[in-house]
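Following: one structure in structure tokens, then a few remarks.
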Amino acid sequence: MQAAPRLAFGVIADIQFADAEDGYDFGGCRRRYYRHSLRLLREAVREWAGESPPINFVLQLGDSIDGQNARRGEAESALQQVLEVLGQLSVPVHHAWGNHELYNFSRARLVHTGLYSRPAGGSDGPADRECHAYHCSPAPGLRLVVLDSYDASTLGSDPGSPRYQESLRVLREKNTNDDLNSPEGLKEPHFVAFNGGFSQAQLDWFDEVLKFSDENQEKVIVMAHVPIHPCASNGVCLAWNYEAALSVIHTHRCVVCVLAGHLHDGAYCQDLHGVHHLTLEGLIETPPDSNAFGTVHVYEDKMVLKGRGRIPDRVMHF
């Protein structure tokens, strides 16, 4: 008889809600169901609320509202509608910041929204309070680390700020296209403006967290919006300095899984160090008669994903 799970949590990615008619991706060929995504989110919340054993928290992997809300002047109202649905849950929701959050809001503004799930005060994250990275322990022997994969980015920062200027320098050095969102012809196609990366300060902080978890024999689950392993990506939707993030992870023994969104097709791999990299299928490109969310049950020796709709079931052994 299998032991009961130590805990369970919900996962969902790329809701990208807008009160708008269906549209298409930037390539013009993949349908996006903007208005329906809120209804699918409601279905997910209803299912999570009825889970047995009950879930302990939810991971919202970023891009909760679509960038077009900014152009329509509806960013605040769209976000309020998404947060109201998630607020029906009686458990914490941990949010990753994605590119679409930063199309709608500045970092300074996001800090004052419900998407800022980093705990107030304390030393749970990097010194920069606008860096949305933090860690917590949802159960003994287990740690969740939320990473900010746009800490280095041209999105959401004042063009005169050091963050923006340094990010633009890196981007222009790697991307010679007039359109910085285009990967066409690039040797490193992930250097596009809709991706981002990790500052050295965040990576140093991450290293210290994992050192603590090693010393305390904890298992660590990491979440970020942008994938950090090429095999859990399409080669384009990948953090700028993914190698640096992987290097930190592989220096330690404690990380068992990295969860991401951003790539709406989803992807999965287990790397040579045994770390699982799961990129969740995006809700936004899910037809109204399907869905795209899951529940993960964490056991002593594995994580079991029960997927809904487009998301397949998966067993990830430690």
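Ordered as shown in the structure tokens, chains take letters A, B, and onward, while each chain numbers its residues from 1 and ligands are numbered from 1 in the order shown.
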
Show which residues sit within 12 Å of Ala20 in chain A, as a CSV table (one decimal) with N, CA, C and O atoms, in the first residue's frame. Count only C-alpha atoms, and ignore same-chain residues fewer than 6 positions away.
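out_5.csv, written as the output of this step:
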```csv
chain,number,residue,atom,x,y,z
A,32,ARG,N,-5.6,31.8,-29.8
A,32,ARG,CA,-5.6,32.1,-28.4
A,32,ARG,C,-7.0,32.4,-27.9
A,32,ARG,O,-7.7,33.3,-28.5
A,33,TYR,N,-7.4,31.8,-26.8
A,33,TYR,CA,-8.8,32.0,-26.4
A,33,TYR,C,-8.8,32.9,-25.1
A,33,TYR,O,-9.0,32.4,-24.0
A,34,TYR,N,-8.7,34.2,-25.4
A,34,TYR,CA,-8.5,35.2,-24.3
A,34,TYR,C,-9.6,35.2,-23.3
A,34,TYR,O,-9.4,35.1,-22.1
A,35,ARG,N,-10.9,35.3,-23.7
A,35,ARG,CA,-12.0,35.4,-22.8
A,35,ARG,C,-12.3,34.1,-22.1
A,35,ARG,O,-12.6,34.0,-20.9
A,36,HIS,N,-12.1,33.0,-22.9
A,36,HIS,CA,-12.4,31.6,-22.3
A,36,HIS,C,-11.4,31.2,-21.2
A,36,HIS,O,-11.7,30.4,-20.4
A,37,SER,N,-10.2,31.8,-21.2
A,37,SER,CA,-9.2,31.4,-20.2
A,37,SER,C,-9.7,31.6,-18.8
A,37,SER,O,-9.3,30.8,-17.9
A,38,LEU,N,-10.5,32.6,-18.6
A,38,LEU,CA,-11.0,32.9,-17.2
A,38,LEU,C,-12.0,31.8,-16.8
A,38,LEU,O,-12.0,31.4,-15.6
A,65,ILE,N,-2.3,37.6,-17.2
A,65,ILE,CA,-3.1,38.4,-18.1
A,65,ILE,C,-2.3,38.7,-19.3
A,65,ILE,O,-1.1,38.7,-19.3
A,66,ASP,N,-3.1,39.0,-20.4
A,66,ASP,CA,-2.4,39.2,-21.7
A,66,ASP,C,-1.9,40.6,-21.9
A,66,ASP,O,-2.5,41.6,-21.4
A,67,GLY,N,-0.9,40.8,-22.7
A,67,GLY,CA,-0.3,42.1,-22.9
A,67,GLY,C,-1.2,43.1,-23.5
A,67,GLY,O,-1.1,44.3,-23.4
A,68,GLN,N,-2.2,42.6,-24.3
A,68,GLN,CA,-3.1,43.5,-25.0
A,68,GLN,C,-4.0,44.3,-24.0
A,68,GLN,O,-4.5,45.4,-24.4
A,69,ASN,N,-4.1,43.9,-22.8
A,69,ASN,CA,-4.8,44.7,-21.8
A,69,ASN,C,-4.3,46.0,-21.6
A,69,ASN,O,-5.0,47.0,-21.3
A,71,ARG,N,-2.8,47.9,-23.9
A,71,ARG,CA,-3.3,48.8,-25.0
A,71,ARG,C,-4.7,49.2,-24.9
A,71,ARG,O,-5.2,50.2,-25.3
A,72,ARG,N,-5.5,48.3,-24.3
A,72,ARG,CA,-7.0,48.5,-24.1
A,72,ARG,C,-7.3,49.3,-22.9
A,72,ARG,O,-8.5,49.6,-22.6
A,74,GLU,N,-7.1,48.1,-19.9
A,74,GLU,CA,-7.8,47.2,-19.0
A,74,GLU,C,-7.0,46.3,-18.1
A,74,GLU,O,-7.4,45.3,-17.6
A,78,ALA,N,-8.5,43.5,-15.7
A,78,ALA,CA,-8.2,42.1,-16.0
A,78,ALA,C,-7.5,41.3,-14.9
A,78,ALA,O,-7.9,40.2,-14.5
```

Practice prompt. Extract, using only C-alpha atoms, all DNA, RNA and protein residues at most 9 Å from Gly156 in chain A, discarding same-chain residues fewer than 2 positions from it, and format them as a PyMOL selection string.
Written response: chain A and resi 99+101-108+150+153-154+158+164

Can you pull out every residue within 12 Å of Asn234 in chain A, counting only C-alpha atoms, but drop anything in the same chain fewer than 5 positions away, and send it as a list in words? Pro183, Pro189, His190, Val226, Pro227, Ile228, His229, Ala239, His262, Leu263, His264, Asp265, Gly266, Ala267, Tyr268, Cys269 and Thr279 of chain A

Calculated over only C-alpha atoms, which of the candidates A:Phe9, A:Phe17, A:Phe194, A:Trp240 has the smallest distance to Ala139 in chain A?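 Under the stated criterion, the closest residue is A:Phe9.
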
- [ ] Calculate how many Å separate CA of Tyr134 in chain A from CA of Ser149 in chain A, rounding to one decimal.
- [x]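 If I compute the distance from CA of Tyr134 in chain A to CA of Ser149 in chain A, I get 12.3 Å.
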
Enumerate, as a PDB file with all heavy atoms, in the first residue's frame, the complete set of residues in range 67-286 of chain A that a backbone-based DSSP assignment places in strand (DSSP E or B).
```pdb
ATOM      1  N   VAL A  93      -1.400  31.202  -2.987  1.00  0.00           N
ATOM      2  CA  VAL A  93      -1.033  31.106  -4.406  1.00  0.00           C
ATOM      3  C   VAL A  93       0.315  31.795  -4.576  1.00  0.00           C
ATOM      4  O   VAL A  93       0.479  32.959  -4.207  1.00  0.00           O
ATOM      5  CB  VAL A  93      -2.083  31.763  -5.322  1.00  0.00           C
ATOM      6  CG1 VAL A  93      -1.649  31.649  -6.789  1.00  0.00           C
ATOM      7  CG2 VAL A  93      -3.459  31.129  -5.114  1.00  0.00           C
ATOM      8  N   HIS A  94       1.289  31.068  -5.112  1.00  0.00           N
ATOM      9  CA  HIS A  94       2.610  31.626  -5.381  1.00  0.00           C
ATOM     10  C   HIS A  94       2.676  31.991  -6.862  1.00  0.00           C
ATOM     11  O   HIS A  94       2.402  31.151  -7.730  1.00  0.00           O
ATOM     12  CB  HIS A  94       3.701  30.613  -5.036  1.00  0.00           C
ATOM     13  CG  HIS A  94       3.729  30.232  -3.590  1.00  0.00           C
ATOM     14  ND1 HIS A  94       4.310  31.040  -2.628  1.00  0.00           N
ATOM     15  CD2 HIS A  94       3.211  29.162  -2.930  1.00  0.00           C
ATOM     16  CE1 HIS A  94       4.178  30.458  -1.442  1.00  0.00           C
ATOM     17  NE2 HIS A  94       3.511  29.325  -1.598  1.00  0.00           N
ATOM     18  N   HIS A  95       3.042  33.247  -7.127  1.00  0.00           N
ATOM     19  CA  HIS A  95       3.034  33.761  -8.491  1.00  0.00           C
ATOM     20  C   HIS A  95       4.451  33.937  -9.031  1.00  0.00           C
ATOM     21  O   HIS A  95       5.325  34.492  -8.345  1.00  0.00           O
ATOM     22  CB  HIS A  95       2.353  35.137  -8.544  1.00  0.00           C
ATOM     23  CG  HIS A  95       0.921  35.125  -8.099  1.00  0.00           C
ATOM     24  ND1 HIS A  95      -0.104  34.692  -8.907  1.00  0.00           N
ATOM     25  CD2 HIS A  95       0.348  35.503  -6.920  1.00  0.00           C
ATOM     26  CE1 HIS A  95      -1.259  34.806  -8.259  1.00  0.00           C
ATOM     27  NE2 HIS A  95      -1.006  35.291  -7.049  1.00  0.00           N
ATOM     28  N   TYR A 134      11.882  34.413  -3.954  1.00  0.00           N
ATOM     29  CA  TYR A 134      11.809  34.136  -2.514  1.00  0.00           C
ATOM     30  C   TYR A 134      11.743  32.636  -2.300  1.00  0.00           C
ATOM     31  O   TYR A 134      11.618  31.856  -3.252  1.00  0.00           O
ATOM     32  CB  TYR A 134      10.592  34.820  -1.881  1.00  0.00           C
ATOM     33  CG  TYR A 134       9.243  34.380  -2.411  1.00  0.00           C
ATOM     34  CD1 TYR A 134       8.517  33.361  -1.788  1.00  0.00           C
ATOM     35  CD2 TYR A 134       8.671  34.996  -3.522  1.00  0.00           C
ATOM     36  CE1 TYR A 134       7.279  32.957  -2.260  1.00  0.00           C
ATOM     37  CE2 TYR A 134       7.431  34.599  -4.005  1.00  0.00           C
ATOM     38  CZ  TYR A 134       6.736  33.588  -3.372  1.00  0.00           C
ATOM     39  OH  TYR A 134       5.509  33.187  -3.844  1.00  0.00           O
ATOM     40  N   HIS A 135      11.846  32.224  -1.043  1.00  0.00           N
ATOM     41  CA  HIS A 135      11.725  30.814  -0.712  1.00  0.00           C
ATOM     42  C   HIS A 135      10.878  30.638   0.533  1.00  0.00           C
ATOM     43  O   HIS A 135      10.737  31.559   1.352  1.00  0.00           O
ATOM     44  CB  HIS A 135      13.102  30.159  -0.525  1.00  0.00           C
ATOM     45  CG  HIS A 135      13.870  30.681   0.653  1.00  0.00           C
ATOM     46  ND1 HIS A 135      13.869  30.059   1.878  1.00  0.00           N
ATOM     47  CD2 HIS A 135      14.666  31.781   0.792  1.00  0.00           C
ATOM     48  CE1 HIS A 135      14.629  30.745   2.724  1.00  0.00           C
ATOM     49  NE2 HIS A 135      15.124  31.790   2.089  1.00  0.00           N
ATOM     50  N   CYS A 136      10.301  29.453   0.672  1.00  0.00           N
ATOM     51  CA  CYS A 136       9.525  29.121   1.875  1.00  0.00           C
ATOM     52  C   CYS A 136       9.533  27.605   2.020  1.00  0.00           C
ATOM     53  O   CYS A 136       9.880  26.881   1.091  1.00  0.00           O
ATOM     54  CB  CYS A 136       8.093  29.653   1.773  1.00  0.00           C
ATOM     55  SG  CYS A 136       7.158  28.971   0.375  1.00  0.00           S
ATOM     56  N   SER A 137       9.160  27.148   3.191  1.00  0.00           N
ATOM     57  CA  SER A 137       9.117  25.713   3.451  1.00  0.00           C
ATOM     58  C   SER A 137       7.670  25.309   3.728  1.00  0.00           C
ATOM     59  O   SER A 137       7.159  25.516   4.828  1.00  0.00           O
ATOM     60  CB  SER A 137       9.999  25.354   4.656  1.00  0.00           C
ATOM     61  OG  SER A 137       9.906  23.969   4.924  1.00  0.00           O
ATOM     62  N   PRO A 138       6.981  24.742   2.709  1.00  0.00           N
ATOM     63  CA  PRO A 138       5.568  24.387   2.894  1.00  0.00           C
ATOM     64  C   PRO A 138       5.354  23.130   3.732  1.00  0.00           C
ATOM     65  O   PRO A 138       4.237  22.853   4.157  1.00  0.00           O
ATOM     66  CB  PRO A 138       5.077  24.166   1.462  1.00  0.00           C
ATOM     67  CG  PRO A 138       6.299  23.794   0.689  1.00  0.00           C
ATOM     68  CD  PRO A 138       7.444  24.501   1.338  1.00  0.00           C
ATOM     69  N   ALA A 139       6.429  22.359   3.953  1.00  0.00           N
ATOM     70  CA  ALA A 139       6.355  21.160   4.790  1.00  0.00           C
ATOM     71  C   ALA A 139       7.764  20.825   5.263  1.00  0.00           C
ATOM     72  O   ALA A 139       8.737  21.203   4.606  1.00  0.00           O
ATOM     73  CB  ALA A 139       5.777  19.987   3.989  1.00  0.00           C
ATOM     74  N   LEU A 142      11.006  20.080   2.947  1.00  0.00           N
ATOM     75  CA  LEU A 142      10.683  20.495   1.577  1.00  0.00           C
ATOM     76  C   LEU A 142      10.760  22.015   1.477  1.00  0.00           C
ATOM     77  O   LEU A 142      10.299  22.724   2.384  1.00  0.00           O
ATOM     78  CB  LEU A 142       9.275  20.022   1.210  1.00  0.00           C
ATOM     79  CG  LEU A 142       8.876  20.166  -0.258  1.00  0.00           C
ATOM     80  CD1 LEU A 142       9.658  19.182  -1.130  1.00  0.00           C
ATOM     81  CD2 LEU A 142       7.376  19.915  -0.425  1.00  0.00           C
ATOM     82  N   ARG A 143      11.344  22.504   0.385  1.00  0.00           N
ATOM     83  CA  ARG A 143      11.452  23.955   0.196  1.00  0.00           C
ATOM     84  C   ARG A 143      11.006  24.328  -1.221  1.00  0.00           C
ATOM     85  O   ARG A 143      11.315  23.620  -2.195  1.00  0.00           O
ATOM     86  CB  ARG A 143      12.887  24.430   0.443  1.00  0.00           C
ATOM     87  CG  ARG A 143      13.029  25.973   0.489  1.00  0.00           C
ATOM     88  CD  ARG A 143      14.298  26.381   1.215  1.00  0.00           C
ATOM     89  NE  ARG A 143      14.288  25.907   2.596  1.00  0.00           N
ATOM     90  CZ  ARG A 143      13.670  26.524   3.613  1.00  0.00           C
ATOM     91  NH1 ARG A 143      13.045  27.675   3.410  1.00  0.00           N
ATOM     92  NH2 ARG A 143      13.714  26.014   4.835  1.00  0.00           N
ATOM     93  N   LEU A 144      10.271  25.423  -1.309  1.00  0.00           N
ATOM     94  CA  LEU A 144       9.873  25.996  -2.593  1.00  0.00           C
ATOM     95  C   LEU A 144      10.707  27.244  -2.843  1.00  0.00           C
ATOM     96  O   LEU A 144      10.814  28.108  -1.961  1.00  0.00           O
ATOM     97  CB  LEU A 144       8.386  26.372  -2.572  1.00  0.00           C
ATOM     98  CG  LEU A 144       7.878  27.184  -3.775  1.00  0.00           C
ATOM     99  CD1 LEU A 144       7.881  26.338  -5.050  1.00  0.00           C
ATOM    100  CD2 LEU A 144       6.480  27.734  -3.489  1.00  0.00           C
ATOM    101  N   VAL A 145      11.306  27.340  -4.023  1.00  0.00           N
ATOM    102  CA  VAL A 145      12.044  28.538  -4.413  1.00  0.00           C
ATOM    103  C   VAL A 145      11.379  29.140  -5.649  1.00  0.00           C
ATOM    104  O   VAL A 145      11.226  28.459  -6.674  1.00  0.00           O
ATOM    105  CB  VAL A 145      13.524  28.240  -4.714  1.00  0.00           C
ATOM    106  CG1 VAL A 145      14.243  29.519  -5.156  1.00  0.00           C
ATOM    107  CG2 VAL A 145      14.215  27.647  -3.488  1.00  0.00           C
ATOM    108  N   VAL A 146      10.964  30.383  -5.543  1.00  0.00           N
ATOM    109  CA  VAL A 146      10.394  31.126  -6.663  1.00  0.00           C
ATOM    110  C   VAL A 146      11.495  32.003  -7.245  1.00  0.00           C
ATOM    111  O   VAL A 146      12.097  32.799  -6.522  1.00  0.00           O
ATOM    112  CB  VAL A 146       9.207  32.006  -6.197  1.00  0.00           C
ATOM    113  CG1 VAL A 146       8.624  32.783  -7.374  1.00  0.00           C
ATOM    114  CG2 VAL A 146       8.140  31.152  -5.528  1.00  0.00           C
ATOM    115  N   ALA A 152      16.792  40.285 -15.018  1.00  0.00           N
ATOM    116  CA  ALA A 152      17.568  40.956 -16.062  1.00  0.00           C
ATOM    117  C   ALA A 152      16.674  40.997 -17.296  1.00  0.00           C
ATOM    118  O   ALA A 152      16.381  39.964 -17.899  1.00  0.00           O
ATOM    119  CB  ALA A 152      18.854  40.191 -16.353  1.00  0.00           C
ATOM    120  N   GLY A 197      16.427  37.146 -17.903  1.00  0.00           N
ATOM    121  CA  GLY A 197      17.426  36.339 -17.208  1.00  0.00           C
ATOM    122  C   GLY A 197      17.505  36.671 -15.734  1.00  0.00           C
ATOM    123  O   GLY A 197      16.652  37.378 -15.171  1.00  0.00           O
ATOM    124  N   LYS A 219      14.454  18.654   0.182  1.00  0.00           N
ATOM    125  CA  LYS A 219      14.200  18.560  -1.253  1.00  0.00           C
ATOM    126  C   LYS A 219      13.627  19.912  -1.694  1.00  0.00           C
ATOM    127  O   LYS A 219      12.797  20.503  -0.993  1.00  0.00           O
ATOM    128  CB  LYS A 219      13.224  17.438  -1.559  1.00  0.00           C
ATOM    129  CG  LYS A 219      13.815  16.052  -1.317  1.00  0.00           C
ATOM    130  CD  LYS A 219      12.827  14.966  -1.687  1.00  0.00           C
ATOM    131  CE  LYS A 219      13.482  13.590  -1.606  1.00  0.00           C
ATOM    132  NZ  LYS A 219      13.740  13.165  -0.223  1.00  0.00           N
ATOM    133  N   VAL A 220      14.078  20.378  -2.868  1.00  0.00           N
ATOM    134  CA  VAL A 220      13.705  21.722  -3.319  1.00  0.00           C
ATOM    135  C   VAL A 220      12.965  21.656  -4.654  1.00  0.00           C
ATOM    136  O   VAL A 220      13.403  20.992  -5.599  1.00  0.00           O
ATOM    137  CB  VAL A 220      14.951  22.617  -3.464  1.00  0.00           C
ATOM    138  CG1 VAL A 220      14.585  23.982  -4.048  1.00  0.00           C
ATOM    139  CG2 VAL A 220      15.642  22.795  -2.114  1.00  0.00           C
ATOM    140  N   ILE A 221      11.840  22.351  -4.716  1.00  0.00           N
ATOM    141  CA  ILE A 221      11.092  22.559  -5.957  1.00  0.00           C
ATOM    142  C   ILE A 221      11.299  24.014  -6.363  1.00  0.00           C
ATOM    143  O   ILE A 221      11.116  24.929  -5.546  1.00  0.00           O
ATOM    144  CB  ILE A 221       9.593  22.268  -5.755  1.00  0.00           C
ATOM    145  CG1 ILE A 221       9.388  20.795  -5.392  1.00  0.00           C
ATOM    146  CG2 ILE A 221       8.792  22.637  -6.999  1.00  0.00           C
ATOM    147  CD1 ILE A 221       8.004  20.471  -4.869  1.00  0.00           C
ATOM    148  N   VAL A 222      11.706  24.233  -7.598  1.00  0.00           N
ATOM    149  CA  VAL A 222      11.965  25.575  -8.111  1.00  0.00           C
ATOM    150  C   VAL A 222      10.880  25.933  -9.125  1.00  0.00           C
ATOM    151  O   VAL A 222      10.460  25.074  -9.919  1.00  0.00           O
ATOM    152  CB  VAL A 222      13.354  25.645  -8.790  1.00  0.00           C
ATOM    153  CG1 VAL A 222      13.595  27.019  -9.421  1.00  0.00           C
ATOM    154  CG2 VAL A 222      14.450  25.319  -7.783  1.00  0.00           C
ATOM    155  N   MET A 223      10.421  27.187  -9.110  1.00  0.00           N
ATOM    156  CA  MET A 223       9.488  27.646 -10.139  1.00  0.00           C
ATOM    157  C   MET A 223       9.963  28.968 -10.715  1.00  0.00           C
ATOM    158  O   MET A 223      10.549  29.800 -10.025  1.00  0.00           O
ATOM    159  CB  MET A 223       8.067  27.782  -9.586  1.00  0.00           C
ATOM    160  CG  MET A 223       7.858  28.905  -8.596  1.00  0.00           C
ATOM    161  SD  MET A 223       6.128  29.105  -8.053  1.00  0.00           S
ATOM    162  CE  MET A 223       5.440  30.167  -9.324  1.00  0.00           C
ATOM    163  N   VAL A 255      17.844  20.042  -5.393  1.00  0.00           N
ATOM    164  CA  VAL A 255      16.739  20.377  -6.310  1.00  0.00           C
ATOM    165  C   VAL A 255      16.240  19.108  -7.001  1.00  0.00           C
ATOM    166  O   VAL A 255      17.030  18.353  -7.588  1.00  0.00           O
ATOM    167  CB  VAL A 255      17.163  21.425  -7.354  1.00  0.00           C
ATOM    168  CG1 VAL A 255      16.037  21.671  -8.369  1.00  0.00           C
ATOM    169  CG2 VAL A 255      17.547  22.735  -6.671  1.00  0.00           C
ATOM    170  N   VAL A 256      14.934  18.880  -6.928  1.00  0.00           N
ATOM    171  CA  VAL A 256      14.344  17.700  -7.564  1.00  0.00           C
ATOM    172  C   VAL A 256      13.558  18.055  -8.815  1.00  0.00           C
ATOM    173  O   VAL A 256      13.408  17.227  -9.718  1.00  0.00           O
ATOM    174  CB  VAL A 256      13.442  16.915  -6.576  1.00  0.00           C
ATOM    175  CG1 VAL A 256      14.278  16.338  -5.438  1.00  0.00           C
ATOM    176  CG2 VAL A 256      12.305  17.779  -6.021  1.00  0.00           C
ATOM    177  N   CYS A 257      13.048  19.298  -8.897  1.00  0.00           N
ATOM    178  CA  CYS A 257      12.188  19.651 -10.022  1.00  0.00           C
ATOM    179  C   CYS A 257      12.206  21.161 -10.258  1.00  0.00           C
ATOM    180  O   CYS A 257      12.232  21.940  -9.302  1.00  0.00           O
ATOM    181  CB  CYS A 257      10.758  19.190  -9.743  1.00  0.00           C
ATOM    182  SG  CYS A 257       9.619  19.453 -11.111  1.00  0.00           S
ATOM    183  N   VAL A 258      12.177  21.553 -11.534  1.00  0.00           N
ATOM    184  CA  VAL A 258      12.026  22.953 -11.935  1.00  0.00           C
ATOM    185  C   VAL A 258      10.760  23.052 -12.773  1.00  0.00           C
ATOM    186  O   VAL A 258      10.621  22.374 -13.797  1.00  0.00           O
ATOM    187  CB  VAL A 258      13.230  23.458 -12.747  1.00  0.00           C
ATOM    188  CG1 VAL A 258      13.020  24.919 -13.153  1.00  0.00           C
ATOM    189  CG2 VAL A 258      14.533  23.299 -11.964  1.00  0.00           C
ATOM    190  N   LEU A 259       9.820  23.884 -12.341  1.00  0.00           N
ATOM    191  CA  LEU A 259       8.551  24.081 -13.042  1.00  0.00           C
ATOM    192  C   LEU A 259       8.558  25.437 -13.736  1.00  0.00           C
ATOM    193  O   LEU A 259       8.964  26.441 -13.142  1.00  0.00           O
ATOM    194  CB  LEU A 259       7.396  24.015 -12.050  1.00  0.00           C
ATOM    195  CG  LEU A 259       7.146  22.649 -11.413  1.00  0.00           C
ATOM    196  CD1 LEU A 259       6.389  22.800 -10.107  1.00  0.00           C
ATOM    197  CD2 LEU A 259       6.378  21.752 -12.367  1.00  0.00           C
ATOM    198  N   ALA A 260       8.105  25.466 -14.991  1.00  0.00           N
ATOM    199  CA  ALA A 260       8.084  26.706 -15.760  1.00  0.00           C
ATOM    200  C   ALA A 260       6.856  26.753 -16.665  1.00  0.00           C
ATOM    201  O   ALA A 260       6.127  25.753 -16.812  1.00  0.00           O
ATOM    202  CB  ALA A 260       9.364  26.833 -16.591  1.00  0.00           C
ATOM    203  N   ALA A 267       6.745  21.080 -22.303  1.00  0.00           N
ATOM    204  CA  ALA A 267       7.910  20.235 -22.583  1.00  0.00           C
ATOM    205  C   ALA A 267       8.352  19.592 -21.277  1.00  0.00           C
ATOM    206  O   ALA A 267       7.967  20.031 -20.187  1.00  0.00           O
ATOM    207  CB  ALA A 267       9.048  21.055 -23.187  1.00  0.00           C
ATOM    208  N   TYR A 268       9.188  18.565 -21.408  1.00  0.00           N
ATOM    209  CA  TYR A 268       9.692  17.878 -20.211  1.00  0.00           C
ATOM    210  C   TYR A 268      11.032  17.224 -20.522  1.00  0.00           C
ATOM    211  O   TYR A 268      11.259  16.702 -21.622  1.00  0.00           O
ATOM    212  CB  TYR A 268       8.717  16.800 -19.728  1.00  0.00           C
ATOM    213  CG  TYR A 268       9.341  15.866 -18.719  1.00  0.00           C
ATOM    214  CD1 TYR A 268       9.465  16.245 -17.386  1.00  0.00           C
ATOM    215  CD2 TYR A 268       9.877  14.639 -19.105  1.00  0.00           C
ATOM    216  CE1 TYR A 268      10.087  15.407 -16.458  1.00  0.00           C
ATOM    217  CE2 TYR A 268      10.498  13.799 -18.187  1.00  0.00           C
ATOM    218  CZ  TYR A 268      10.601  14.200 -16.864  1.00  0.00           C
ATOM    219  OH  TYR A 268      11.228  13.392 -15.951  1.00  0.00           O
ATOM    220  N   CYS A 269      11.929  17.248 -19.543  1.00  0.00           N
ATOM    221  CA  CYS A 269      13.124  16.418 -19.604  1.00  0.00           C
ATOM    222  C   CYS A 269      13.617  16.164 -18.183  1.00  0.00           C
ATOM    223  O   CYS A 269      13.259  16.878 -17.249  1.00  0.00           O
ATOM    224  CB  CYS A 269      14.233  17.074 -20.442  1.00  0.00           C
ATOM    225  SG  CYS A 269      15.091  18.438 -19.618  1.00  0.00           S
ATOM    226  N   GLN A 270      14.421  15.129 -18.044  1.00  0.00           N
ATOM    227  CA  GLN A 270      15.165  14.900 -16.809  1.00  0.00           C
ATOM    228  C   GLN A 270      16.629  15.037 -17.174  1.00  0.00           C
ATOM    229  O   GLN A 270      17.124  14.357 -18.080  1.00  0.00           O
ATOM    230  CB  GLN A 270      14.892  13.515 -16.224  1.00  0.00           C
ATOM    231  CG  GLN A 270      15.584  13.295 -14.873  1.00  0.00           C
ATOM    232  CD  GLN A 270      15.221  11.963 -14.240  1.00  0.00           C
ATOM    233  OE1 GLN A 270      14.714  11.067 -14.910  1.00  0.00           O
ATOM    234  NE2 GLN A 270      15.465  11.820 -12.944  1.00  0.00           N
ATOM    235  N   HIS A 276      14.278  17.030 -12.657  1.00  0.00           N
ATOM    236  CA  HIS A 276      13.162  17.071 -13.596  1.00  0.00           C
ATOM    237  C   HIS A 276      12.881  18.526 -13.993  1.00  0.00           C
ATOM    238  O   HIS A 276      12.817  19.410 -13.123  1.00  0.00           O
ATOM    239  CB  HIS A 276      11.909  16.469 -12.959  1.00  0.00           C
ATOM    240  CG  HIS A 276      12.066  15.033 -12.570  1.00  0.00           C
ATOM    241  ND1 HIS A 276      11.872  13.998 -13.450  1.00  0.00           N
ATOM    242  CD2 HIS A 276      12.424  14.462 -11.388  1.00  0.00           C
ATOM    243  CE1 HIS A 276      12.086  12.849 -12.845  1.00  0.00           C
ATOM    244  NE2 HIS A 276      12.427  13.097 -11.578  1.00  0.00           N
ATOM    245  N   HIS A 277      12.681  18.765 -15.287  1.00  0.00           N
ATOM    246  CA  HIS A 277      12.336  20.095 -15.800  1.00  0.00           C
ATOM    247  C   HIS A 277      10.999  19.964 -16.516  1.00  0.00           C
ATOM    248  O   HIS A 277      10.912  19.341 -17.579  1.00  0.00           O
ATOM    249  CB  HIS A 277      13.411  20.607 -16.753  1.00  0.00           C
ATOM    250  CG  HIS A 277      14.741  20.809 -16.100  1.00  0.00           C
ATOM    251  ND1 HIS A 277      15.162  22.035 -15.624  1.00  0.00           N
ATOM    252  CD2 HIS A 277      15.743  19.934 -15.827  1.00  0.00           C
ATOM    253  CE1 HIS A 277      16.371  21.897 -15.097  1.00  0.00           C
ATOM    254  NE2 HIS A 277      16.738  20.641 -15.204  1.00  0.00           N
ATOM    255  N   LEU A 278       9.960  20.517 -15.910  1.00  0.00           N
ATOM    256  CA  LEU A 278       8.606  20.398 -16.451  1.00  0.00           C
ATOM    257  C   LEU A 278       8.103  21.777 -16.864  1.00  0.00           C
ATOM    258  O   LEU A 278       7.970  22.677 -16.025  1.00  0.00           O
ATOM    259  CB  LEU A 278       7.668  19.784 -15.408  1.00  0.00           C
ATOM    260  CG  LEU A 278       6.206  19.634 -15.814  1.00  0.00           C
ATOM    261  CD1 LEU A 278       6.060  18.697 -17.011  1.00  0.00           C
ATOM    262  CD2 LEU A 278       5.378  19.118 -14.638  1.00  0.00           C
ATOM    263  N   THR A 279       7.859  21.949 -18.149  1.00  0.00           N
ATOM    264  CA  THR A 279       7.290  23.183 -18.685  1.00  0.00           C
ATOM    265  C   THR A 279       5.824  22.912 -18.985  1.00  0.00           C
ATOM    266  O   THR A 279       5.500  22.028 -19.793  1.00  0.00           O
ATOM    267  CB  THR A 279       8.038  23.622 -19.959  1.00  0.00           C
ATOM    268  OG1 THR A 279       9.430  23.775 -19.648  1.00  0.00           O
ATOM    269  CG2 THR A 279       7.487  24.931 -20.492  1.00  0.00           C
TER     270      THR A 279
END
```

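For the pair CA of Ala13 in chain A and CA of Asp151 in chain A, the interatomic distance is 19.1 Å.
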
Would you list, as an MDAnalysis selection string, the residues of range 56-163 of chain A that end up in helix (DSSP H, G or I) under DSSP run on this structure's backbone? chainID A and resid 68:72 75:86 99:104 107:110 162:163

(Q) My list of candidates is A:Gly141, A:Ala70, A:Ala245, A:Pro312. Which is closest to Val298 in chain A when distances are computed with only C-alpha atoms? (A)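 Between A:Gly141, A:Ala70, A:Ala245, A:Pro312, the residue approaching Val298 in chain A most closely is A:Gly141.
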
With only C-alpha atoms as the counted atoms, please give the residues lying no more than 12 Å from Ile55 in chain A, apart from itself and same-chain residues fewer than 6 positions off, as an MDAnalysis selection string. chainID A and resid 5:11 45:49 89:93 138 294:298

One residue among A:Ile249, A:Glu215, A:Leu41, A:Gly114 is nearest to Leu79 in chain A when using only C-alpha atoms, and that residue is A:Gly114
